[in-house]
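Let me begin by presenting the structure, written as structure tokens, before commenting on it.
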Amino acid sequence: MGRSRRTLPEELLLLALDPTTGTTAQPQSLDLGLAGAQLVELALAGRIAPDGDRIAVVAPRPTGDPTLDCALELLRRRGAPVRAVNWIGGPRLGLRQTYLSHLERCGMVHAVEGQMCGVLPTTRYQATDTAISREIKARLDSAIRTGVPPDPRTAALAALAHAVGLGKHLYPGNEGRSSRSRLRDLIRHDPMGGLVAHAVMDVQNGAAAQPRRAPAPAGRQAAGPAARPAPEPARGVPAQPRHGSMARAAVH
């Protein structure tokens with residue numbers, strides 16, 4: 001995968017960065033969205049594919065992106081398709097910080113040191129070139145305004161932005177209500193983006209239960225409550241070691 005193109009996790013994070021405060025909107029759900037964005041990016045690269053509500057590895061060769069390749073390898077090690085909701089709901093320690101550090105190394109953001117309550121050291125991140133964030137948002141604006149089906153990458157970005165609750169950040173107030181509604185509707189234009197976005201929302205809603213059992217055949221009474229299959233253990237991208245300012249207060 002060439003590095004000339006920004007990945008979906010990077011674009012989602014840039015959308016979430018507040019240019020004034022240097023903080024990220026919806027930090028808790030954003031972590032889930034970044035994990036979901038990795039899945040969509042791997043699907044766009046032809047490495048994984050949806051299998052019902054599960055994700056299957058179809059081409060395990062590396063993409064060239066270390067963070068995506070780490071996720072791909074963890075998926076490969078499962079040996080069987082994993083439910084999207086279980087993957088996204090797994091531990092995500094350090095994922096947002098990993099992408100912030102990557103954007104800093106690429107020169108797209110810079111770290112601003114500060115203190116919380118005059119005591120606790122903090123690190124905030126501000127875009128070095130706000131034109132990049134404006135270009136990303138302009139793609140969403142165009143899809144919302146024109147009603148023309150967007151390309152899969154933009155459709156997936158819109159689905160993820162809606163799923164993590166960025167609608168009010170991108171289109172605030174009563175005047176942004178119709179845009180938020182159209183942003184939500186864009187979820188239908190990309191099957192993989194839709195699958196992942198719904199999984200992100202299910203995790204937030206605590207609906208990561210096993211799929212419903214099929215009804216018993218007609219004329220057969222169930223002898224008792226069917227045993228539920230054991231849930232899959234959730235796995236995620238392992239935490240990246242923090243260094244320097246990264247060992248201090250986490251970005252909000």
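How things are named: the first chain in the structure tokens is A, the next is B, and so on; residues count from 1 in each chain; ligands count from 1 in the order shown.
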
Selection: 12 Å around Ala43 in chain A, only C-alpha atoms, excl. self and same-chain fewer than 4 positions, as a CSV table (one decimal) with all heavy atoms, in the first residue's frame:
chain,number,residue,atom,x,y,z
A,7,THR,N,-4.7,6.8,5.2
A,7,THR,CA,-5.6,5.7,5.5
A,7,THR,C,-6.8,6.3,6.2
A,7,THR,O,-6.9,7.4,6.7
A,7,THR,CB,-4.9,4.7,6.4
A,7,THR,OG1,-4.6,5.3,7.7
A,7,THR,CG2,-3.6,4.2,5.8
A,8,LEU,N,-7.9,5.4,6.2
A,8,LEU,CA,-9.1,5.8,6.8
A,8,LEU,C,-8.9,6.1,8.3
A,8,LEU,O,-9.5,7.1,8.8
A,8,LEU,CB,-10.2,4.7,6.6
A,8,LEU,CG,-10.9,4.8,5.3
A,8,LEU,CD1,-11.8,3.6,5.2
A,8,LEU,CD2,-11.8,6.1,5.3
A,36,GLY,N,-12.4,0.1,13.8
A,36,GLY,CA,-13.3,-0.2,12.7
A,36,GLY,C,-12.7,0.3,11.4
A,36,GLY,O,-12.8,-0.4,10.3
A,37,ALA,N,-12.1,1.5,11.4
A,37,ALA,CA,-11.5,2.1,10.2
A,37,ALA,C,-10.4,1.2,9.7
A,37,ALA,O,-10.1,1.1,8.5
A,37,ALA,CB,-11.0,3.5,10.5
A,38,GLN,N,-9.6,0.6,10.6
A,38,GLN,CA,-8.6,-0.4,10.2
A,38,GLN,C,-9.2,-1.5,9.4
A,38,GLN,O,-8.6,-1.9,8.3
A,38,GLN,CB,-7.8,-0.9,11.4
A,38,GLN,CG,-6.9,0.1,12.1
A,38,GLN,CD,-6.1,-0.6,13.2
A,38,GLN,OE1,-6.6,-1.3,14.0
A,38,GLN,NE2,-4.8,-0.3,13.2
A,39,LEU,N,-10.3,-2.0,9.8
A,39,LEU,CA,-10.9,-3.1,9.1
A,39,LEU,C,-11.3,-2.7,7.7
A,39,LEU,O,-11.1,-3.4,6.7
A,39,LEU,CB,-12.2,-3.6,9.9
A,39,LEU,CG,-11.9,-4.3,11.2
A,39,LEU,CD1,-13.2,-4.8,11.8
A,39,LEU,CD2,-11.0,-5.5,11.0
A,47,ARG,N,-7.3,-7.3,1.7
A,47,ARG,CA,-6.7,-8.3,2.6
A,47,ARG,C,-7.8,-9.1,3.4
A,47,ARG,O,-7.6,-10.2,3.8
A,47,ARG,CB,-5.8,-7.6,3.6
A,47,ARG,CG,-4.6,-6.8,3.0
A,47,ARG,CD,-3.8,-7.6,2.0
A,47,ARG,NE,-2.6,-7.1,1.6
A,47,ARG,CZ,-2.3,-6.2,0.6
A,47,ARG,NH1,-3.3,-5.9,-0.2
A,47,ARG,NH2,-1.1,-5.8,0.4
A,48,ILE,N,-8.9,-8.4,3.6
A,48,ILE,CA,-10.0,-9.1,4.4
A,48,ILE,C,-11.3,-8.9,3.6
A,48,ILE,O,-11.4,-8.0,2.7
A,48,ILE,CB,-10.1,-8.6,5.8
A,48,ILE,CG1,-10.5,-7.1,5.8
A,48,ILE,CG2,-8.9,-8.8,6.6
A,48,ILE,CD1,-10.8,-6.5,7.2
A,49,ALA,N,-12.3,-9.6,4.0
A,49,ALA,CA,-13.6,-9.5,3.3
A,49,ALA,C,-14.7,-9.9,4.4
A,49,ALA,O,-14.5,-10.7,5.3
A,49,ALA,CB,-13.8,-10.4,2.1
A,50,PRO,N,-15.9,-9.3,4.2
A,50,PRO,CA,-17.0,-9.6,5.2
A,50,PRO,C,-17.5,-11.0,4.9
A,50,PRO,O,-17.6,-11.5,3.7
A,50,PRO,CB,-18.1,-8.6,4.9
A,50,PRO,CG,-17.8,-8.1,3.5
A,50,PRO,CD,-16.3,-8.2,3.3
A,51,ASP,N,-17.9,-11.7,5.9
A,51,ASP,CA,-18.4,-13.1,5.8
A,51,ASP,C,-19.6,-13.1,6.8
A,51,ASP,O,-19.5,-13.5,7.9
A,51,ASP,CB,-17.4,-14.1,6.2
A,51,ASP,CG,-17.9,-15.6,6.1
A,51,ASP,OD1,-19.1,-15.7,5.7
A,51,ASP,OD2,-17.2,-16.5,6.5
A,55,ILE,N,-15.5,-11.2,9.9
A,55,ILE,CA,-14.4,-10.7,9.0
A,55,ILE,C,-13.5,-11.9,8.7
A,55,ILE,O,-13.0,-12.5,9.7
A,55,ILE,CB,-13.7,-9.6,9.7
A,55,ILE,CG1,-14.6,-8.4,10.1
A,55,ILE,CG2,-12.6,-9.1,8.8
A,55,ILE,CD1,-15.3,-7.8,8.9
A,56,ALA,N,-13.2,-12.1,7.5
A,56,ALA,CA,-12.3,-13.2,7.1
A,56,ALA,C,-11.1,-12.7,6.4
A,56,ALA,O,-11.2,-11.7,5.5
A,56,ALA,CB,-13.1,-14.2,6.2
A,57,VAL,N,-10.0,-13.2,6.7
A,57,VAL,CA,-8.7,-12.8,6.0
A,57,VAL,C,-8.7,-13.6,4.7
A,57,VAL,O,-8.8,-14.8,4.6
A,57,VAL,CB,-7.5,-13.2,6.8
A,57,VAL,CG1,-6.2,-12.9,6.1
A,57,VAL,CG2,-7.5,-12.4,8.1
A,58,VAL,N,-8.5,-12.9,3.6
A,58,VAL,CA,-8.5,-13.5,2.3
A,58,VAL,C,-7.1,-13.4,1.6
A,58,VAL,O,-6.8,-14.1,0.7
A,58,VAL,CB,-9.6,-12.9,1.3
A,58,VAL,CG1,-11.0,-13.2,1.9
A,58,VAL,CG2,-9.4,-11.4,1.2
A,59,ALA,N,-6.3,-12.5,2.1
A,59,ALA,CA,-4.9,-12.3,1.5
A,59,ALA,C,-4.0,-11.8,2.6
A,59,ALA,O,-4.0,-10.6,2.9
A,59,ALA,CB,-4.9,-11.4,0.3
A,60,PRO,N,-3.3,-12.7,3.3
A,60,PRO,CA,-2.5,-12.2,4.5
A,60,PRO,C,-1.2,-11.5,4.2
A,60,PRO,O,-0.5,-11.1,5.2
A,60,PRO,CB,-2.2,-13.6,5.2
A,60,PRO,CG,-2.2,-14.6,4.1
A,60,PRO,CD,-3.2,-14.1,3.1
A,63,THR,N,0.6,-5.1,4.0
A,63,THR,CA,0.2,-3.9,3.3
A,63,THR,C,1.3,-2.9,3.2
A,63,THR,O,1.3,-2.0,2.3
A,63,THR,CB,-1.0,-3.2,3.9
A,63,THR,OG1,-0.6,-2.7,5.2
A,63,THR,CG2,-2.2,-4.1,4.1
A,68,LEU,N,-1.6,-1.3,10.4
A,68,LEU,CA,-2.5,-2.1,9.7
A,68,LEU,C,-2.1,-3.6,9.7
A,68,LEU,O,-2.9,-4.5,9.8
A,68,LEU,CB,-2.8,-1.6,8.3
A,68,LEU,CG,-3.6,-0.3,8.1
A,68,LEU,CD1,-3.6,0.1,6.7
A,68,LEU,CD2,-5.0,-0.4,8.7
A,72,LEU,N,-3.8,-7.0,10.8
A,72,LEU,CA,-4.0,-8.1,9.9
A,72,LEU,C,-3.4,-9.4,10.4
A,72,LEU,O,-4.0,-10.5,10.3
A,72,LEU,CB,-3.3,-7.7,8.5
A,72,LEU,CG,-3.4,-8.8,7.4
A,72,LEU,CD1,-4.9,-9.1,7.1
A,72,LEU,CD2,-2.6,-8.3,6.2
A,152,PRO,N,-16.4,4.3,-2.4
A,152,PRO,CA,-16.4,3.5,-1.2
A,152,PRO,C,-15.6,4.1,0.0
A,152,PRO,O,-16.0,3.9,1.2
A,152,PRO,CB,-15.8,2.1,-1.6
A,152,PRO,CG,-16.1,2.1,-3.1
A,152,PRO,CD,-16.0,3.5,-3.6
A,153,ARG,N,-14.5,4.7,-0.3
A,153,ARG,CA,-13.7,5.2,0.8
A,153,ARG,C,-14.4,6.4,1.5
A,153,ARG,O,-14.5,6.4,2.8
A,153,ARG,CB,-12.4,5.7,0.2
A,153,ARG,CG,-11.4,6.4,1.3
A,153,ARG,CD,-10.1,6.7,0.6
A,153,ARG,NE,-9.4,5.4,0.3
A,153,ARG,CZ,-8.6,4.7,1.1
A,153,ARG,NH1,-8.4,5.1,2.3
A,153,ARG,NH2,-8.1,3.6,0.7
A,156,ALA,N,-17.4,5.0,3.5
A,156,ALA,CA,-17.0,4.3,4.7
A,156,ALA,C,-16.6,5.4,5.8
A,156,ALA,O,-16.9,5.2,7.0
A,156,ALA,CB,-15.9,3.4,4.5
A,190,ASP,N,-21.7,1.7,1.2
A,190,ASP,CA,-20.6,0.8,1.3
A,190,ASP,C,-20.8,-0.3,2.2
A,190,ASP,O,-20.9,-0.1,3.4
A,190,ASP,CB,-19.3,1.5,1.7
A,190,ASP,CG,-18.1,0.6,1.8
A,190,ASP,OD1,-17.7,0.1,0.7
A,190,ASP,OD2,-17.5,0.5,2.8
A,191,PRO,N,-21.0,-1.6,1.7
A,191,PRO,CA,-21.4,-2.7,2.6
A,191,PRO,C,-20.4,-2.9,3.8
A,191,PRO,O,-20.8,-3.1,4.9
A,191,PRO,CB,-21.4,-3.9,1.7
A,191,PRO,CG,-21.6,-3.3,0.3
A,191,PRO,CD,-20.9,-2.0,0.3
A,192,MET,N,-19.1,-2.9,3.5
A,192,MET,CA,-18.1,-3.1,4.5
A,192,MET,C,-18.1,-1.9,5.6
A,192,MET,O,-18.1,-2.2,6.8
A,192,MET,CB,-16.7,-3.2,3.9
A,192,MET,CG,-15.6,-3.5,5.0
A,192,MET,SD,-15.9,-5.2,5.7
A,192,MET,CE,-14.5,-5.2,6.8
A,193,GLY,N,-18.2,-0.7,5.1
A,193,GLY,CA,-18.3,0.4,6.0
A,193,GLY,C,-19.6,0.4,6.8
A,193,GLY,O,-19.5,0.7,8.0
A,195,LEU,N,-21.2,-2.5,7.7
A,195,LEU,CA,-21.0,-3.5,8.7
A,195,LEU,C,-20.2,-3.1,9.9
A,195,LEU,O,-20.6,-3.3,11.0
A,195,LEU,CB,-20.3,-4.7,8.0
A,195,LEU,CG,-19.8,-5.8,8.9
A,195,LEU,CD1,-21.0,-6.5,9.6
A,195,LEU,CD2,-19.0,-6.8,8.1
A,196,VAL,N,-19.1,-2.4,9.6
A,196,VAL,CA,-18.2,-1.9,10.6
A,196,VAL,C,-18.9,-0.8,11.5
A,196,VAL,O,-18.8,-0.8,12.7
A,196,VAL,CB,-16.9,-1.5,10.0
A,196,VAL,CG1,-16.1,-0.7,11.1
A,196,VAL,CG2,-16.1,-2.6,9.5

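Every protein or nucleic acid residue with an atom no more than 9 Å from His169 in chain A, counting only C-alpha atoms and leaving out same-chain residues fewer than 3 positions away, appears here: A:Leu15, A:Ala16, A:Asp18, A:Ala25, A:Gln26, A:Gly165, A:Leu166, A:Pro172.
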
Go ahead and dump the residues you just picked, C-alpha atoms, as a short mmCIF file (atom, residue, chain, number, x, y, z; two decimals), in the first residue's frame.
data_model
loop_
_atom_site.label_atom_id
_atom_site.label_comp_id
_atom_site.auth_asym_id
_atom_site.auth_seq_id
_atom_site.Cartn_x
_atom_site.Cartn_y
_atom_site.Cartn_z
CA LEU A 15 -11.79 14.87 11.22
CA ALA A 16 -12.12 14.45 14.98
CA ASP A 18 -10.61 20.24 17.08
CA ALA A 25 -14.08 14.91 19.72
CA GLN A 26 -15.82 11.80 21.07
CA GLY A 165 -20.84 10.57 16.94
CA LEU A 166 -18.85 13.13 14.93
CA PRO A 172 -23.30 21.53 14.77
#

Taken to one decimal, the CA of Tyr99 in chain A-CA of Glu10 in chain A distance is 6.7 Å

Could you find all residues in range 120-172 of chain A that DSSP calls strand (DSSP E or B) from the backbone, and write them as a PyMOL selection string?
chain A and resi 120-127

Just the residues within 12 Å of Ser178 in chain A, please, counting only C-alpha atoms, with nothing from its chain fewer than 4 positions along; format it as a list of chain:residue names.
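Returned residues: A:Asp141, A:Ile144, A:Arg145, A:Gly167, A:Lys168, A:Tyr171, A:Pro172, A:Gly173, A:Asn174, A:Arg182, A:Leu183, A:Arg184, A:Asp185.
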
Between A:Lys137, A:His162, A:Arg92, A:Arg177, single out the one closest to Ala197 in chain A, counting only C-alpha atoms.
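Of the candidates, the smallest distance to Ala197 in chain A is held by A:His162.
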
Identify, on the basis of only C-alpha atoms, every residue whose closest approach to Thr20 in chain A does not exceed 12 Å; exclude the query and any residue fewer than 5 positions from it along the same chain; express the result as a ChimeraX atom specification.
/A:25,112,124-127,130

What does the distance between CA of Ala199 in chain A and CA of Val85 in chain A come to in Å, to one decimal place?
4.6 Å

Just how far from CA of Ile187 in chain A is CA of Thr21 in chain A, in Å to one decimal?
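CA of Ile187 in chain A lies 29.0 Å from CA of Thr21 in chain A.
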
Mind the document's chain letters and residue numbers, and return as a ChimeraX atom specification the residues of range 24-62 of chain A that DSSP labels helix (DSSP H, G or I).
/A:27-44

Distance criterion (only C-alpha atoms): nearest to Ser181 in chain A out of A:Arg6, A:Leu44, A:Ala158, A:Thr67:
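Once distances to Ser181 in chain A are computed over only C-alpha atoms, the minimum belongs to A:Ala158.
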